[in-house]
$ cat model_20.cif   # mmCIF, C-alpha atoms and all ligand atoms
data_data
#
loop_
_atom_site.group_PDB
_atom_site.id
_atom_site.type_symbol
_atom_site.label_atom_id
_atom_site.label_comp_id
_atom_site.auth_asym_id
_atom_site.auth_seq_id
_atom_site.Cartn_x
_atom_site.Cartn_y
_atom_site.Cartn_z
ATOM 1 C CA MET O 798 0.000 0.000 0.000
ATOM 2 C CA ILE O 799 1.143 3.582 -0.631
ATOM 3 C CA THR O 800 1.989 5.613 2.486
ATOM 4 C CA MET O 801 3.468 9.109 2.952
ATOM 5 C CA LYS O 802 7.056 7.777 2.616
ATOM 6 C CA ASP O 803 6.263 6.922 -1.036
ATOM 7 C CA ILE O 804 5.241 10.512 -1.853
ATOM 8 C CA ILE O 805 8.142 12.660 -3.095
ATOM 9 C CA GLU O 806 8.437 16.325 -2.127
ATOM 10 C CA GLU O 807 9.072 19.580 -3.981
ATOM 11 C CA GLY O 808 12.721 19.762 -4.914
ATOM 12 C CA HIS O 809 12.625 16.272 -6.449
ATOM 13 C CA PRO O 810 13.178 16.763 -10.230
ATOM 14 C CA THR O 811 10.347 14.382 -11.209
ATOM 15 C CA LEU O 812 7.812 16.913 -9.878
ATOM 16 C CA ARG O 813 9.099 19.526 -12.340
ATOM 17 C CA SER O 814 9.152 17.242 -15.400
ATOM 18 C CA VAL O 815 6.546 16.366 -18.050
ATOM 19 C CA ALA O 816 5.006 12.905 -17.592
ATOM 20 C CA GLU O 817 5.141 10.260 -20.368
ATOM 21 C CA PRO O 818 2.016 8.898 -22.112
ATOM 22 C CA VAL O 819 0.875 5.446 -20.932
ATOM 23 C CA GLU O 820 0.864 2.476 -23.340
ATOM 24 C CA PHE O 821 -2.050 0.025 -23.257
ATOM 25 C CA PRO O 822 -2.473 -2.752 -22.294
ATOM 26 C CA LEU O 823 -0.917 -1.777 -18.967
ATOM 27 C CA SER O 824 1.913 -3.844 -17.538
ATOM 28 C CA ASP O 825 0.844 -5.713 -14.409
ATOM 29 C CA GLU O 826 3.145 -3.449 -12.396
ATOM 30 C CA LEU O 827 1.649 -0.191 -13.689
ATOM 31 C CA ARG O 828 -1.893 -1.541 -13.230
ATOM 32 C CA LYS O 829 -1.035 -2.399 -9.608
ATOM 33 C CA THR O 830 0.502 1.076 -9.047
ATOM 34 C CA ALA O 831 -2.571 2.830 -10.487
ATOM 35 C CA LEU O 832 -4.925 0.836 -8.263
ATOM 36 C CA GLU O 833 -2.714 1.575 -5.231
ATOM 37 C CA MET O 834 -2.905 5.324 -6.005
ATOM 38 C CA HIS O 835 -6.694 5.155 -5.844
ATOM 39 C CA GLU O 836 -6.563 2.950 -2.748
ATOM 40 C CA PHE O 837 -4.317 5.563 -1.058
ATOM 41 C CA LEU O 838 -7.018 8.207 -1.499
ATOM 42 C CA VAL O 839 -9.726 5.921 -0.120
ATOM 43 C CA ASN O 840 -7.486 5.015 2.841
ATOM 44 C CA SER O 841 -6.533 8.644 3.451
ATOM 45 C CA GLN O 842 -10.222 9.552 3.801
ATOM 46 C CA ASN O 843 -10.870 6.742 6.317
ATOM 47 C CA GLU O 844 -10.224 8.057 9.833
ATOM 48 C CA GLU O 845 -9.045 4.762 11.319
ATOM 49 C CA ILE O 846 -6.751 3.813 8.410
ATOM 50 C CA ALA O 847 -5.416 7.376 7.997
ATOM 51 C CA GLU O 848 -4.573 7.516 11.699
ATOM 52 C CA LYS O 849 -3.089 4.003 11.771
ATOM 53 C CA TYR O 850 -0.753 4.682 8.818
ATOM 54 C CA ASP O 851 -0.336 8.437 9.418
ATOM 55 C CA LEU O 852 -1.752 9.367 6.005
ATOM 56 C CA ARG O 853 -2.411 13.009 5.047
ATOM 57 C CA PRO O 854 -5.917 13.180 3.564
ATOM 58 C CA GLY O 855 -6.166 13.509 -0.197
ATOM 59 C CA VAL O 856 -8.840 13.729 -2.880
ATOM 60 C CA GLY O 857 -6.341 13.451 -5.747
ATOM 61 C CA LEU O 858 -2.928 11.883 -6.383
ATOM 62 C CA ALA O 859 -0.765 12.068 -9.532
ATOM 63 C CA ALA O 860 1.769 9.380 -10.520
ATOM 64 C CA PRO O 861 4.752 11.793 -10.544
ATOM 65 C CA GLN O 862 4.113 12.277 -6.799
ATOM 66 C CA ILE O 863 5.164 8.671 -6.238
ATOM 67 C CA ASN O 864 8.059 9.144 -8.667
ATOM 68 C CA VAL O 865 6.263 7.402 -11.560
ATOM 69 C CA ASN O 866 6.616 9.805 -14.467
ATOM 70 C CA LYS O 867 3.513 8.603 -16.331
ATOM 71 C CA GLN O 868 0.301 10.424 -17.328
ATOM 72 C CA ILE O 869 -1.834 8.895 -14.586
ATOM 73 C CA PHE O 870 -3.773 10.412 -11.707
ATOM 74 C CA ALA O 871 -6.442 9.157 -9.320
ATOM 75 C CA VAL O 872 -9.292 11.176 -7.858
ATOM 76 C CA HIS O 873 -11.681 10.182 -5.086
ATOM 77 C CA ILE O 874 -14.340 12.780 -4.311
ATOM 78 C CA MET O 875 -17.264 11.579 -2.203
ATOM 79 C CA GLU O 876 -20.623 13.206 -1.480
ATOM 80 C CA TYR O 877 -21.669 13.621 2.161
ATOM 81 C CA ASP O 878 -25.093 14.260 3.687
ATOM 82 C CA GLU O 879 -25.676 16.970 6.316
ATOM 83 C CA GLU O 880 -24.781 14.481 9.086
ATOM 84 C CA GLY O 881 -21.411 13.967 7.379
ATOM 85 C CA ASN O 882 -22.207 10.413 6.254
ATOM 86 C CA GLU O 883 -20.818 9.281 2.908
ATOM 87 C CA VAL O 884 -23.659 9.259 0.328
ATOM 88 C CA GLY O 885 -21.668 8.035 -2.689
ATOM 89 C CA PRO O 886 -18.940 8.973 -5.152
ATOM 90 C CA ILE O 887 -19.139 12.294 -7.005
ATOM 91 C CA LEU O 888 -15.972 11.429 -8.962
ATOM 92 C CA SER O 889 -13.862 8.387 -8.186
ATOM 93 C CA GLU O 890 -11.663 7.355 -11.077
ATOM 94 C CA ILE O 891 -8.149 6.553 -12.278
ATOM 95 C CA ILE O 892 -7.365 8.779 -15.265
ATOM 96 C CA PHE O 893 -4.810 7.830 -17.952
ATOM 97 C CA ASN O 894 -3.504 10.034 -20.804
ATOM 98 C CA PRO O 895 -5.860 12.992 -20.131
ATOM 99 C CA LYS O 896 -6.202 15.615 -22.921
ATOM 100 C CA VAL O 897 -7.942 18.934 -22.244
ATOM 101 C CA ILE O 898 -10.369 19.691 -25.103
ATOM 102 C CA SER O 899 -11.658 23.051 -23.871
ATOM 103 C CA HIS O 900 -12.086 25.147 -20.753
ATOM 104 C CA SER O 901 -14.037 28.238 -19.710
ATOM 105 C CA VAL O 902 -12.648 31.763 -19.561
ATOM 106 C CA GLN O 903 -14.450 32.139 -16.214
ATOM 107 C CA GLN O 904 -12.241 31.123 -13.295
ATOM 108 C CA VAL O 905 -12.827 29.693 -9.824
ATOM 109 C CA ALA O 906 -10.619 29.264 -6.770
ATOM 110 C CA LEU O 907 -11.052 27.648 -3.366
ATOM 111 C CA LYS O 908 -11.551 30.323 -0.669
ATOM 112 C CA GLU O 909 -9.170 28.363 1.596
ATOM 113 C CA GLY O 910 -6.528 28.100 -1.141
ATOM 114 C CA GLU O 911 -4.878 24.808 -2.068
ATOM 115 C CA GLY O 912 -2.327 22.460 -0.556
ATOM 116 C CA CYS O 913 -0.367 19.547 -2.000
ATOM 117 C CA LEU O 914 0.818 16.231 -0.579
ATOM 118 C CA SER O 915 4.197 16.990 -2.154
ATOM 119 C CA VAL O 916 4.431 20.439 -0.522
ATOM 120 C CA ASN O 917 5.028 20.253 3.218
ATOM 121 C CA ARG O 918 4.392 23.915 3.915
ATOM 122 C CA GLU O 919 1.422 26.235 3.721
ATOM 123 C CA VAL O 920 1.351 28.544 0.666
ATOM 124 C CA LYS O 921 -1.425 31.092 1.070
ATOM 125 C CA GLY O 922 -3.385 32.626 -1.767
ATOM 126 C CA TYR O 923 -6.073 31.980 -4.356
ATOM 127 C CA VAL O 924 -5.256 29.467 -7.112
ATOM 128 C CA PRO O 925 -7.357 30.674 -10.106
ATOM 129 C CA ARG O 926 -8.401 27.835 -12.418
ATOM 130 C CA PRO O 927 -10.969 27.551 -15.273
ATOM 131 C CA LYS O 928 -14.466 27.019 -13.790
ATOM 132 C CA ARG O 929 -15.347 24.405 -16.418
ATOM 133 C CA VAL O 930 -13.048 21.949 -18.160
ATOM 134 C CA LYS O 931 -13.719 19.281 -20.813
ATOM 135 C CA PHE O 932 -11.164 16.529 -21.330
ATOM 136 C CA THR O 933 -10.766 13.025 -22.747
ATOM 137 C CA TYR O 934 -8.920 10.232 -20.963
ATOM 138 C CA GLN O 935 -8.465 6.466 -20.989
ATOM 139 C CA ASP O 936 -9.607 4.267 -18.118
ATOM 140 C CA ILE O 937 -7.592 1.358 -16.693
ATOM 141 C CA ASP O 938 -8.727 -0.884 -19.566
ATOM 142 C CA GLY O 939 -7.715 1.682 -22.181
ATOM 143 C CA ASN O 940 -11.286 2.757 -23.051
ATOM 144 C CA GLU O 941 -11.636 6.405 -24.117
ATOM 145 C CA HIS O 942 -13.963 8.692 -22.134
ATOM 146 C CA THR O 943 -14.943 12.360 -22.290
ATOM 147 C CA LEU O 944 -15.586 14.238 -19.045
ATOM 148 C CA LYS O 945 -16.980 17.736 -18.463
ATOM 149 C CA LEU O 946 -16.349 19.014 -14.940
ATOM 150 C CA ARG O 947 -17.029 22.267 -13.155
ATOM 151 C CA ASP O 948 -16.238 23.981 -9.821
ATOM 152 C CA TYR O 949 -14.759 21.719 -7.101
ATOM 153 C CA GLU O 950 -14.309 18.652 -9.324
ATOM 154 C CA ALA O 951 -12.731 20.853 -12.006
ATOM 155 C CA ILE O 952 -10.309 22.350 -9.450
ATOM 156 C CA VAL O 953 -9.201 18.944 -8.138
ATOM 157 C CA THR O 954 -8.781 17.524 -11.632
ATOM 158 C CA GLN O 955 -6.804 20.537 -12.879
ATOM 159 C CA HIS O 956 -4.520 20.369 -9.831
ATOM 160 C CA GLU O 957 -3.694 16.784 -10.896
ATOM 161 C CA LEU O 958 -3.404 17.661 -14.600
ATOM 162 C CA ASP O 959 -0.835 20.302 -13.556
ATOM 163 C CA HIS O 960 1.325 17.637 -11.869
ATOM 164 C CA LEU O 961 1.559 15.788 -15.212
ATOM 165 C CA LYS O 962 3.088 18.993 -16.644
ATOM 166 C CA GLY O 963 5.442 19.664 -13.715
ATOM 167 C CA ILE O 964 3.303 22.522 -12.367
ATOM 168 C CA PHE O 965 2.625 23.188 -8.643
ATOM 169 C CA PHE O 966 -0.530 24.923 -7.401
ATOM 170 C CA TYR O 967 1.470 27.893 -6.118
ATOM 171 C CA ASP O 968 2.734 28.617 -9.661
ATOM 172 C CA HIS O 969 -0.762 30.089 -10.233
ATOM 173 C CA ILE O 970 -0.845 32.346 -7.148
ATOM 174 C CA ASN O 971 -0.531 36.081 -7.878
ATOM 175 C CA GLU O 972 2.850 37.049 -6.398
ATOM 176 C CA GLU O 973 2.060 40.767 -5.905
ATOM 177 C CA ASN O 974 -1.306 40.041 -4.277
ATOM 178 C CA PRO O 975 -1.961 36.346 -3.466
ATOM 179 C CA PHE O 976 -5.613 37.187 -2.740
ATOM 180 C CA ALA O 977 -6.146 39.302 -5.866
ATOM 181 C CA GLN O 978 -9.716 39.025 -7.128
ATOM 182 C CA ASP O 979 -11.111 40.231 -10.430
ATOM 183 C CA ASP O 980 -14.726 39.903 -11.616
ATOM 184 C CA ASN O 981 -13.709 36.866 -13.651
ATOM 185 C CA LEU O 982 -12.776 34.929 -10.496
ATOM 186 C CA GLU O 983 -15.446 33.220 -8.376
ATOM 187 C CA LEU O 984 -14.436 31.950 -4.912
ATOM 188 C CA LEU O 985 -15.803 28.541 -3.811
HETATM 189 C C1 LIG M 1001 -9.428 20.181 -1.356
HETATM 190 C C2 LIG M 1001 -9.016 19.066 -0.442
HETATM 191 N N1 LIG M 1001 -7.694 18.725 -0.420
HETATM 192 C C3 LIG M 1001 -7.331 17.706 0.407
HETATM 193 N N2 LIG M 1001 -6.009 17.324 0.500
HETATM 194 N N3 LIG M 1001 -5.145 17.693 -0.519
HETATM 195 C C4 LIG M 1001 -5.288 17.059 -1.743
HETATM 196 O O1 LIG M 1001 -6.101 16.209 -1.971
HETATM 197 C C5 LIG M 1001 -4.299 17.495 -2.811
HETATM 198 C C6 LIG M 1001 -5.032 17.874 -4.089
HETATM 199 C C7 LIG M 1001 -6.137 18.908 -3.864
HETATM 200 C C8 LIG M 1001 -5.638 20.259 -3.328
HETATM 201 C C9 LIG M 1001 -6.618 21.271 -3.873
HETATM 202 C C10 LIG M 1001 -7.323 20.668 -5.016
HETATM 203 C C11 LIG M 1001 -6.835 19.250 -5.182
HETATM 204 C C12 LIG M 1001 -3.393 16.272 -3.039
HETATM 205 N N4 LIG M 1001 -2.422 16.518 -4.089
HETATM 206 O O2 LIG M 1001 -1.262 17.081 -3.799
HETATM 207 C C13 LIG M 1001 -2.591 15.792 -5.287
HETATM 208 O O3 LIG M 1001 -1.783 16.306 -6.312
HETATM 209 C C14 LIG M 1001 -8.269 17.040 1.180
HETATM 210 F F1 LIG M 1001 -7.900 16.021 1.959
HETATM 211 C C15 LIG M 1001 -9.604 17.436 1.097
HETATM 212 N N5 LIG M 1001 -10.601 16.811 1.810
HETATM 213 C C16 LIG M 1001 -12.000 17.137 1.618
HETATM 214 C C17 LIG M 1001 -12.850 15.874 1.659
HETATM 215 N N6 LIG M 1001 -12.610 15.112 2.899
HETATM 216 C C18 LIG M 1001 -13.444 13.927 2.913
HETATM 217 C C19 LIG M 1001 -13.184 13.124 4.186
HETATM 218 O O4 LIG M 1001 -11.798 12.794 4.241
HETATM 219 C C20 LIG M 1001 -10.934 13.956 4.266
HETATM 220 C C21 LIG M 1001 -11.171 14.761 2.992
HETATM 221 C C22 LIG M 1001 -10.331 16.037 3.017
HETATM 222 N N7 LIG M 1001 -9.965 18.455 0.293
HETATM 223 NI NI NI M 1002 -0.635 18.053 -5.493
#

$ encode --input "model_20.cif" --output "structure tokens"
Amino acid sequence: MITMKDIIEEGHPTLRSVAEPVEFPLSDELRKTALEMHEFLVNSQNEEIAEKYDLRPGVGLAAPQINVNKQIFAVHIMEYDEEGNEVGPILSEIIFNPKVISHSVQQVALKEGEGCLSVNREVKGYVPRPKRVKFTYQDIDGNEHTLKLRDYEAIVTQHELDHLKGIFFYDHINEENPFAQDDNLELL
């Protein structure tokens, strides 16, 4: 299973490189790695397991973060009811060879900013990202899919897409004014 010791930190060259496309059918090893990336997210969102293995919670994980320079990321975003009980998955998928088709001019950012499992420090500021994004990808069996996401799911997915291009969330923060807001930016 993947734990925090498997996640590389900023400064490691892999996190600033461009990830390679994935060939299908997957090797058994790469299939296992992809499934473990998704399993890490599920584990990290389970209080008992996260505490037992000292996992930082995550809703996304990109292969370069475990020093696998391939175009793969996992996302695990669950829906909760008002009592905080898990209702079901909003987006829970392992994404291979993603290609952005289009995105909106309108931008969104999380009010609380972003963090990263590969960045062990707080970097304050809004991370403006397109509010809507449309992309194609292959699933673990190599089947092509098209996905249109908006708001929170779009933010998470674009944070992971950035990792495949060697980009960190803080690369998008306005250096002069980290909390700069124009009328094209909606805070979530
Ligand atoms: C927003 C959030 N970011 C968490 N961590 N950071 C990450 O996921 C990084 C990726 C995210 C940072 C901003 C956008 C993408 C990992 N990254 O570096 C991958 O490249 C969370 F953990 C989290 N949630 C909310 C839902 N909660 C359900 C119950 O379990 C705890 C969980 C916590 N929300
Ligand atoms: Ni990250």

$ resolve_selection --input "model_20.cif" --expression "the PyMOL selection byres (((not hetatm)) within 7 of (chain M and resi 1002))" --output "CSV table (one decimal) with C-alpha atoms, in the frame of the given file"
chain,number,residue,atom,x,y,z
O,858,LEU,CA,-2.9,11.9,-6.4
O,912,GLY,CA,-2.3,22.5,-0.6
O,913,CYS,CA,-0.4,19.5,-2.0
O,914,LEU,CA,0.8,16.2,-0.6
O,915,SER,CA,4.2,17.0,-2.2
O,956,HIS,CA,-4.5,20.4,-9.8
O,957,GLU,CA,-3.7,16.8,-10.9
O,960,HIS,CA,1.3,17.6,-11.9
O,965,PHE,CA,2.6,23.2,-8.6

$ residues_near_ligand --input "model_20.cif" --ligand "ligand LIG 1001 (chain M)" --cutoff "8 Å" --atoms "only C-alpha atoms and all ligand atoms" --output "count of residues only"
31

$ axis_aligned_box --input "model_20.cif" --around "stretch 953-969 of chain O" --padding-each-side "6 Å" --output "AutoDock Vina command-line options"
--center_x -1.9 --center_y 22.9 --center_z -11.4 --size_x 26.6 --size_y 26.3 --size_z 22.5

$ residues_around --input "model_20.cif" --residues "O:His835" --least-positions-apart "4" --cutoff "7 Å" --atoms "all atoms listed in the file" --output "list in words"
Ala831, Val839, Ala871, Val872 and Ile891 of chain O

$ atom_distance --input "model_20.cif" --atom1 "atom CA of O:Leu985" --atom2 "atom CA of O:Val924"
11.1 Å

$ closest_residue --input "model_20.cif" --among "O:Tyr850, O:Tyr877, O:Phe893, O:Phe870" --to "O:Glu833" --atoms "all atoms listed in the file"
O:Phe870

$ resolve_selection --input "model_20.cif" --expression "the PyMOL selection byres (((chain O and resi 942) around 10) and not hetatm)" --output "list in words"
Ile892, Pro895, Phe932, Thr933, Tyr934, Gln935, Asp936, Gly939, Asn940, Glu941, Thr943 and Leu944 of chain O

$ resolve_selection --input "model_20.cif" --expression "the PyMOL selection byres (((chain O and resi 947) around 7) and not hetatm)" --output "list in words"
Lys928, Arg929, Val930, Lys945, Leu946, Asp948, Tyr949, Glu950 and Ala951 of chain O

$ atom_distance --input "model_20.cif" --atom1 "atom CA of O:Val897" --atom2 "atom CA of O:Ala860"
18.0 Å

$ atom_distance --input "model_20.cif" --atom1 "atom CA of O:Pro861" --atom2 "atom CA of O:Ile964"
11.0 Å

$ residues_around --input "model_20.cif" --residues "O:Lys962" --least-positions-apart "5" --cutoff "9 Å" --atoms "only C-alpha atoms" --output "PyMOL selection string"
chain O and resi 812-816

$ closest_residue --input "model_20.cif" --among "O:Leu982, O:Leu827, O:Leu888, O:Met801" --to "O:Gln904" --atoms "only C-alpha atoms"
O:Leu982

$ closest_residue --input "model_20.cif" --among "O:Lys802, O:Arg918, O:Lys849, O:Lys867" --to "O:Glu820" --atoms "only C-alpha atoms"
O:Lys867

$ residues_near_point --input "model_20.cif" --point "(-17.0, 38.5, -6.4)" --cutoff "12 Å" --atoms "only C-alpha atoms" --output "list of chain:residue names"
O:Gln903, O:Gln904, O:Val905, O:Ala906, O:Lys908, O:Ala977, O:Gln978, O:Asp979, O:Asp980, O:Asn981, O:Leu982, O:Glu983, O:Leu984, O:Leu985

$ closest_residue --input "model_20.cif" --among "O:Thr811, O:Asn894, O:Asn974, O:Ser899" --to "O:Gln868" --atoms "only C-alpha atoms"
O:Asn894

$ residues_around --input "model_20.cif" --residues "O:Asp938" --least-positions-apart "3" --cutoff "8 Å" --atoms "all atoms listed in the file" --output "list in words"
Phe821, Pro822, Leu823 and Gln935 of chain O

$ closest_residue --input "model_20.cif" --among "O:Ile863, O:Asp825, O:Ala847, O:Glu883" --to "O:Ile804" --atoms "only C-alpha atoms"
O:Ile863
